[in-house]
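Asks: Let me give you the structure first, and then I'll get to my questions.
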Amino acid sequence: MLLLIQYTLIFASVLMLVALGGCFSEHSGVINLGLEGIMVIGALGGALVMRYLPASVGPFPAILCVLLGAVMFGVAYSALLAVACINFKADQTIVGTALNMLGVAAATVLVKAINTAANPDDVSSEIQYVEAKKNFLVNIGSFEFNWFMLIAVVMLVVAYVVLYKTKFGLRLMACGEHPQAAASVGISVYKMRWAGVLISGVYGALGGICYILAGVSLWKFENGVAGFGFLALAVMIFGQWKPTRIALAALLFGFFRALSNVYFGFPLLMSLNIPGSVYNMMPYIISLIVLAFTSQHSRAPKAEGIPYDKGSR
């Protein structure tokens, strides 16, 4: 049972972080379908820091360096979405899809190049971070606490406060609801939308490094992040673009994702003779069912996906 709770919390942390990133972007008026790619690139930045970080660095500085590396990569990659969709008014769905494909391909090529430069016989897309991973884990009895569980809660509180308790958040949401009205009172829609997309890069990158640290002590970047970016979008929609609801939705989806990791430890589940692949598919099946019944009542920001035009009213 403790193992199920442990995996539920870590997967919920991933989904919540990435969904909150999508929430910021969409509240500003930009649909960010590139969260999957941002997760991969953010994970790449964090993994590279873990690979080259000296062993003499203490746990706390190491965690900060890994987080900073992931965030820098994620923000830089999300800037591609901002340039294309905000400045050049490109189709947001197409750009997001392209970023997802480019993210996995670019990470794979880069890691293979790094590995080959270090060892000509090594053409894998793996990065190992066995020792560095230990900095993020604290054993509390038989429960393995991951610092990302706390980071996710902190970022949830930050998201709630920023969106609902600050002028910046209210202006950001105004740009996603009625950008022309926001511009009429002196709000820069372009700056707000850029801010929303870059913040989504921060959250998406944190979700990406959290995802690869939730598993083994190495990662093949050609595998991507197994659709977690799209699962996070489902969490965001189910959570009605509200941080507190997103947190609850992330726990629900995280629970079903955790079942695929621990079902073999539950005699009742094993007695059902359901193949393990079914449990692996369960979070995606649940997302389809949930969205089928709740999408009609979803209230997305009115101006999301619509390029801002100063001349339109």
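Letters A, B, ... mark the chains of the structure tokens in the order given; residue numbers begin at 1 per chain; ligand numbers begin at 1, in order shown.
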Do you know which residues are at most 6 Å from range 3-15 of chain A counting only C-alpha atoms, after dropping those on the same chain fewer than 2 positions away, and could you put them as a list in words?
Replies: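 Everything that qualifies: Met1, Leu17, Val18, Ala19, Met149, Ala152, Gly207, Tyr211, Ala232, Ala250, Leu251, Gly254, Phe255 and Ala258 of chain A.
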Asks: Output N, CA, C and O atoms for every residue in the selection just made, as an mmCIF file, in the first residue's frame.
Replies:
data_model
loop_
_atom_site.group_PDB
_atom_site.id
_atom_site.type_symbol
_atom_site.label_atom_id
_atom_site.label_comp_id
_atom_site.auth_asym_id
_atom_site.auth_seq_id
_atom_site.Cartn_x
_atom_site.Cartn_y
_atom_site.Cartn_z
ATOM 1 N N MET A 1 0.828 -1.211 0.000
ATOM 2 C CA MET A 1 0.000 0.000 0.000
ATOM 3 C C MET A 1 0.865 1.265 0.000
ATOM 4 O O MET A 1 0.558 2.238 -0.678
ATOM 5 N N LEU A 17 2.426 19.452 -12.100
ATOM 6 C CA LEU A 17 3.370 20.462 -12.555
ATOM 7 C C LEU A 17 3.141 20.815 -14.020
ATOM 8 O O LEU A 17 3.058 21.990 -14.398
ATOM 9 N N VAL A 18 3.028 19.795 -14.850
ATOM 10 C CA VAL A 18 2.876 20.037 -16.288
ATOM 11 C C VAL A 18 1.511 20.654 -16.585
ATOM 12 O O VAL A 18 1.398 21.563 -17.420
ATOM 13 N N ALA A 19 0.464 20.179 -15.904
ATOM 14 C CA ALA A 19 -0.873 20.734 -16.118
ATOM 15 C C ALA A 19 -0.937 22.195 -15.692
ATOM 16 O O ALA A 19 -1.591 23.017 -16.349
ATOM 17 N N MET A 149 7.874 15.857 -4.618
ATOM 18 C CA MET A 149 6.536 15.886 -4.022
ATOM 19 C C MET A 149 6.308 17.219 -3.319
ATOM 20 O O MET A 149 5.227 17.812 -3.421
ATOM 21 N N ALA A 152 6.269 20.138 -5.950
ATOM 22 C CA ALA A 152 4.979 20.233 -6.647
ATOM 23 C C ALA A 152 3.960 20.993 -5.806
ATOM 24 O O ALA A 152 3.204 21.826 -6.330
ATOM 25 N N GLY A 207 8.271 19.230 -14.483
ATOM 26 C CA GLY A 207 7.548 17.971 -14.622
ATOM 27 C C GLY A 207 8.364 16.932 -15.371
ATOM 28 O O GLY A 207 8.324 15.738 -15.051
ATOM 29 N N TYR A 211 9.663 13.415 -13.890
ATOM 30 C CA TYR A 211 9.224 12.156 -14.504
ATOM 31 C C TYR A 211 10.373 11.162 -14.644
ATOM 32 O O TYR A 211 10.230 9.984 -14.312
ATOM 33 N N ALA A 232 -1.339 15.322 -18.983
ATOM 34 C CA ALA A 232 -1.401 16.556 -18.203
ATOM 35 C C ALA A 232 -2.436 17.516 -18.788
ATOM 36 O O ALA A 232 -3.122 18.225 -18.044
ATOM 37 N N ALA A 250 -4.980 15.530 -10.765
ATOM 38 C CA ALA A 250 -3.666 14.896 -10.883
ATOM 39 C C ALA A 250 -3.550 13.693 -9.950
ATOM 40 O O ALA A 250 -2.962 12.668 -10.310
ATOM 41 N N LEU A 251 -4.114 13.800 -8.754
ATOM 42 C CA LEU A 251 -4.102 12.664 -7.823
ATOM 43 C C LEU A 251 -4.894 11.489 -8.390
ATOM 44 O O LEU A 251 -4.479 10.330 -8.277
ATOM 45 N N GLY A 254 -2.890 10.143 -11.325
ATOM 46 C CA GLY A 254 -1.670 9.558 -10.795
ATOM 47 C C GLY A 254 -1.910 8.211 -10.146
ATOM 48 O O GLY A 254 -1.080 7.301 -10.238
ATOM 49 N N PHE A 255 -3.072 8.057 -9.512
ATOM 50 C CA PHE A 255 -3.421 6.784 -8.880
ATOM 51 C C PHE A 255 -3.530 5.676 -9.920
ATOM 52 O O PHE A 255 -2.977 4.579 -9.747
ATOM 53 N N ALA A 258 -0.182 4.787 -11.214
ATOM 54 C CA ALA A 258 0.601 4.045 -10.227
ATOM 55 C C ALA A 258 0.201 2.570 -10.191
ATOM 56 O O ALA A 258 1.034 1.706 -9.905
#
Asks: As a PyMOL selection string, please: the residues near Ala205 in chain A (cut-off 10 Å, only C-alpha atoms, same-chain neighbours under 4 positions excluded).
Replies: chain A and resi 14+17-18+21+35-46+67-75+77-78+199-201+209-211
Asks: What lies within 10 Å of Pro179 in chain A using only C-alpha atoms, ignoring chain neighbours under 5 positions off, as a JSON list (two decimals) with N, CA, C and O atoms, in the first residue's frame?
Replies:
[["chain", "number", "residue", "atom", "x", "y", "z"],
["A", 28, "SER", "N", -3.31, 32.75, -20.67],
["A", 28, "SER", "CA", -2.82, 33.92, -21.39],
["A", 28, "SER", "C", -3.37, 33.97, -22.81],
["A", 28, "SER", "O", -3.25, 34.99, -23.49],
["A", 29, "GLY", "N", -3.95, 32.84, -23.27],
["A", 29, "GLY", "CA", -4.55, 32.80, -24.60],
["A", 29, "GLY", "C", -3.82, 31.94, -25.60],
["A", 29, "GLY", "O", -4.18, 31.91, -26.78],
["A", 171, "ARG", "N", -4.18, 40.15, -14.87],
["A", 171, "ARG", "CA", -3.93, 40.66, -16.22],
["A", 171, "ARG", "C", -3.70, 39.52, -17.20],
["A", 171, "ARG", "O", -4.15, 39.59, -18.35],
["A", 172, "LEU", "N", -2.99, 38.50, -16.74],
["A", 172, "LEU", "CA", -2.74, 37.33, -17.59],
["A", 172, "LEU", "C", -4.05, 36.68, -18.01],
["A", 172, "LEU", "O", -4.27, 36.39, -19.20],
["A", 173, "MET", "N", -4.94, 36.47, -17.05],
["A", 173, "MET", "CA", -6.22, 35.84, -17.36],
["A", 173, "MET", "C", -7.10, 36.74, -18.22],
["A", 173, "MET", "O", -7.87, 36.25, -19.05],
["A", 174, "ALA", "N", -6.97, 38.05, -18.05],
["A", 174, "ALA", "CA", -7.74, 38.98, -18.89],
["A", 174, "ALA", "C", -7.33, 38.84, -20.35],
["A", 174, "ALA", "O", -8.17, 38.93, -21.25],
["A", 184, "SER", "N", -7.08, 47.72, -24.09],
["A", 184, "SER", "CA", -7.68, 49.06, -24.00],
["A", 184, "SER", "C", -7.38, 49.76, -22.68],
["A", 184, "SER", "O", -7.50, 50.98, -22.58],
["A", 187, "ILE", "N", -2.79, 47.13, -20.91],
["A", 187, "ILE", "CA", -2.08, 45.86, -20.70],
["A", 187, "ILE", "C", -1.46, 45.41, -22.01],
["A", 187, "ILE", "O", -2.13, 45.40, -23.05],
["A", 188, "SER", "N", -0.19, 45.05, -21.99],
["A", 188, "SER", "CA", 0.49, 44.53, -23.18],
["A", 188, "SER", "C", 0.15, 43.06, -23.36],
["A", 188, "SER", "O", 0.65, 42.20, -22.61],
["A", 189, "VAL", "N", -0.71, 42.76, -24.31],
["A", 189, "VAL", "CA", -1.15, 41.38, -24.53],
["A", 189, "VAL", "C", 0.03, 40.50, -24.95],
["A", 189, "VAL", "O", 0.17, 39.36, -24.49],
["A", 190, "TYR", "N", 0.89, 41.06, -25.80],
["A", 190, "TYR", "CA", 2.04, 40.27, -26.25],
["A", 190, "TYR", "C", 2.95, 39.88, -25.08],
["A", 190, "TYR", "O", 3.38, 38.74, -24.97],
["A", 192, "MET", "N", 2.13, 39.66, -21.89],
["A", 192, "MET", "CA", 1.43, 38.73, -21.01],
["A", 192, "MET", "C", 1.43, 37.32, -21.59],
["A", 192, "MET", "O", 1.61, 36.33, -20.86],
["A", 193, "ARG", "N", 1.23, 37.23, -22.89],
["A", 193, "ARG", "CA", 1.22, 35.90, -23.51],
["A", 193, "ARG", "C", 2.61, 35.29, -23.53],
["A", 193, "ARG", "O", 2.75, 34.08, -23.32],
["A", 302, "LYS", "N", -11.78, 32.13, -23.18],
["A", 302, "LYS", "CA", -12.49, 32.40, -24.43],
["A", 302, "LYS", "C", -11.56, 32.67, -25.61],
["A", 302, "LYS", "O", -11.88, 32.31, -26.75],
["A", 303, "ALA", "N", -10.44, 33.31, -25.35],
["A", 303, "ALA", "CA", -9.56, 33.71, -26.45],
["A", 303, "ALA", "C", -8.40, 32.75, -26.68],
["A", 303, "ALA", "O", -7.50, 33.07, -27.45],
["A", 304, "GLU", "N", -8.42, 31.59, -26.03],
["A", 304, "GLU", "CA", -7.29, 30.67, -26.21],
["A", 304, "GLU", "C", -7.27, 30.16, -27.65],
["A", 304, "GLU", "O", -8.31, 29.87, -28.25],
["A", 306, "ILE", "N", -6.56, 31.84, -30.25],
["A", 306, "ILE", "CA", -6.86, 32.89, -31.22],
["A", 306, "ILE", "C", -5.71, 33.89, -31.20],
["A", 306, "ILE", "O", -5.48, 34.56, -30.18],
["A", 307, "PRO", "N", -4.95, 34.03, -32.31],
["A", 307, "PRO", "CA", -3.87, 35.02, -32.33],
["A", 307, "PRO", "C", -4.40, 36.43, -32.07],
["A", 307, "PRO", "O", -5.46, 36.80, -32.57],
["A", 308, "TYR", "N", -3.66, 37.18, -31.30],
["A", 308, "TYR", "CA", -4.10, 38.53, -30.95],
["A", 308, "TYR", "C", -3.91, 39.48, -32.14],
["A", 308, "TYR", "O", -2.85, 39.55, -32.75],
["A", 309, "ASP", "N", -4.96, 40.19, -32.46],
["A", 309, "ASP", "CA", -4.95, 41.17, -33.54],
["A", 309, "ASP", "C", -5.39, 42.50, -32.96],
["A", 309, "ASP", "O", -6.53, 42.65, -32.50],
["A", 310, "LYS", "N", -4.51, 43.49, -32.97],
["A", 310, "LYS", "CA", -4.84, 44.80, -32.40],
["A", 310, "LYS", "C", -6.06, 45.44, -33.05],
["A", 310, "LYS", "O", -6.81, 46.17, -32.41],
["A", 312, "SER", "N", -8.77, 43.99, -34.32],
["A", 312, "SER", "CA", -10.07, 43.32, -34.16],
["A", 312, "SER", "C", -10.73, 43.75, -32.86],
["A", 312, "SER", "O", -10.08, 44.14, -31.90],
["A", 313, "ARG", "N", -12.06, 43.65, -32.83],
["A", 313, "ARG", "CA", -12.82, 44.04, -31.64],
["A", 313, "ARG", "C", -13.83, 42.95, -31.28],
["A", 313, "ARG", "O", -14.26, 42.20, -32.12]]
Asks: Neighbours of range 119-129 of chain A within 12 Å (only C-alpha atoms; same-chain residues fewer than 5 positions away dropped), as JSON, numbers by chain?
Replies: {"A": [43, 44, 45, 46, 47, 48, 49, 50, 51, 52, 53, 54, 55, 66, 104, 105, 106, 107, 108, 109, 110, 111, 112, 113, 114, 134, 135, 136, 209, 212, 213, 215, 216, 217, 218, 219, 220, 221, 222, 223, 224]}
Asks: Using DSSP on the backbone coordinates, identify the residues of range 226-285 of chain A assigned to alpha helix (DSSP H); present them as JSON, numbers by chain.
Replies: {"A": [228, 229, 230, 231, 232, 233, 234, 235, 236, 237, 238, 243, 244, 245, 246, 247, 248, 249, 250, 251, 252, 253, 254, 255, 256, 257, 258, 259, 260, 261, 262, 267, 268, 269, 270, 271, 276, 277, 278, 279, 280, 281, 282, 283, 284, 285]}
Asks: If you run DSSP on the backbone, which residues of range 104-259 of chain A are strand (DSSP E), as an MDAnalysis selection string?
Replies: chainID A and resid 126:128 137:140 143:146 218:220
Asks: Given the selection you just returned, output its residues as a file containing N, CA, C and O atoms, formatted as a short mmCIF file (atom, residue, chain, number, x, y, z; two decimals), in the first residue's frame.
Replies:
data_model
loop_
_atom_site.label_atom_id
_atom_site.label_comp_id
_atom_site.auth_asym_id
_atom_site.auth_seq_id
_atom_site.Cartn_x
_atom_site.Cartn_y
_atom_site.Cartn_z
N GLU A 126 21.16 7.10 -23.80
CA GLU A 126 20.98 7.03 -22.35
C GLU A 126 21.87 8.03 -21.61
O GLU A 126 22.98 8.31 -22.04
N ILE A 127 21.33 8.54 -20.53
CA ILE A 127 22.13 9.33 -19.58
C ILE A 127 21.92 8.70 -18.20
O ILE A 127 20.78 8.50 -17.77
N GLN A 128 23.03 8.35 -17.54
CA GLN A 128 22.94 7.75 -16.21
C GLN A 128 23.14 8.83 -15.15
O GLN A 128 23.93 9.74 -15.32
N LEU A 137 16.03 11.84 -3.00
CA LEU A 137 15.28 10.81 -2.28
C LEU A 137 15.63 10.82 -0.80
O LEU A 137 16.79 10.96 -0.41
N VAL A 138 14.59 10.63 0.03
CA VAL A 138 14.76 10.49 1.47
C VAL A 138 13.93 9.30 1.92
O VAL A 138 12.72 9.26 1.69
N ASN A 139 14.58 8.32 2.51
CA ASN A 139 13.86 7.14 2.98
C ASN A 139 13.29 7.40 4.37
O ASN A 139 14.02 7.68 5.32
N ILE A 140 11.95 7.31 4.46
CA ILE A 140 11.26 7.46 5.74
C ILE A 140 10.63 6.10 6.06
O ILE A 140 9.51 5.80 5.65
N PHE A 143 8.95 4.07 3.24
CA PHE A 143 8.42 5.04 2.27
C PHE A 143 9.56 5.87 1.71
O PHE A 143 10.40 6.39 2.46
N GLU A 144 9.62 5.98 0.38
CA GLU A 144 10.67 6.74 -0.28
C GLU A 144 10.11 8.11 -0.67
O GLU A 144 9.34 8.23 -1.62
N PHE A 145 10.52 9.12 0.08
CA PHE A 145 10.05 10.49 -0.19
C PHE A 145 10.92 11.12 -1.26
O PHE A 145 12.15 11.09 -1.18
N ASN A 146 10.28 11.68 -2.26
CA ASN A 146 10.98 12.39 -3.33
C ASN A 146 10.76 13.88 -3.14
O ASN A 146 9.61 14.33 -2.97
N LEU A 218 18.61 5.82 -15.04
CA LEU A 218 19.08 6.23 -16.35
C LEU A 218 17.86 6.40 -17.24
O LEU A 218 16.78 5.88 -16.94
N TRP A 219 18.03 7.15 -18.31
CA TRP A 219 16.87 7.39 -19.16
C TRP A 219 17.27 7.36 -20.63
O TRP A 219 18.27 7.97 -21.02
N LYS A 220 16.49 6.63 -21.45
CA LYS A 220 16.66 6.65 -22.90
C LYS A 220 15.76 7.73 -23.47
O LYS A 220 14.54 7.61 -23.42
#
Asks: If you measure from CA of Phe24 in chain A to CA of Phe228 in chain A, what distance in Å do you get, rounded to one decimal?
Replies: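 Taking CA of Phe24 in chain A as the start and CA of Phe228 in chain A as the end point, the length is 17.6 Å.
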Asks: Show which residues sit within 9 Å of Ala79 in chain A, as a ChimeraX atom specification. Count only C-alpha atoms, and ignore same-chain residues fewer than 3 positions away.
Replies: /A:74-76,82-84,194,197-198,201
Asks: Those residues with C-alpha atoms, as a CSV table (one decimal), in the first residue's frame please?
Replies:
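Output contents, as saved in selection_31.csv:
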chain,number,residue,atom,x,y,z
A,74,GLY,CA,12.5,24.3,-20.7
A,75,VAL,CA,12.1,28.0,-20.9
A,76,ALA,CA,14.4,28.3,-23.9
A,82,ALA,CA,6.0,31.9,-28.1
A,83,VAL,CA,7.9,33.3,-31.1
A,84,ALA,CA,5.9,31.2,-33.6
A,194,TRP,CA,5.0,35.6,-23.6
A,197,VAL,CA,4.2,30.5,-22.3
A,198,LEU,CA,7.6,30.9,-20.6
A,201,GLY,CA,8.1,26.2,-19.9
Asks: Choose the residue, out of A:Pro283, A:Pro275, A:Gly186, A:Gly141, that has the smallest atom-to-atom separation from Phe230 in chain A; count only C-alpha atoms.
Replies: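 Closest to Phe230 in chain A, using only C-alpha atoms: A:Pro283.
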Asks: Could you please determine the separation between CA of Ala249 in chain A and CA of Met236 in chain A in Å, to one decimal place?
Replies: 7.9 Å
Asks: Just want the 10 Å neighbourhood of Ala98 in chain A, counted on only C-alpha atoms, with same-chain residues fewer than 6 positions away dropped. Output as a VMD selection string.
Replies: chain A and resid 33 to 34 37 81 92
Asks: Rank A:Glu131, A:Asn100, A:Met155, A:Gln180 by their smallest atom-to-atom distance to Ala226 in chain A, using only C-alpha atoms, and report the top residue only.
Replies: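 Distance minimum relative to Ala226 in chain A lands on A:Asn100.
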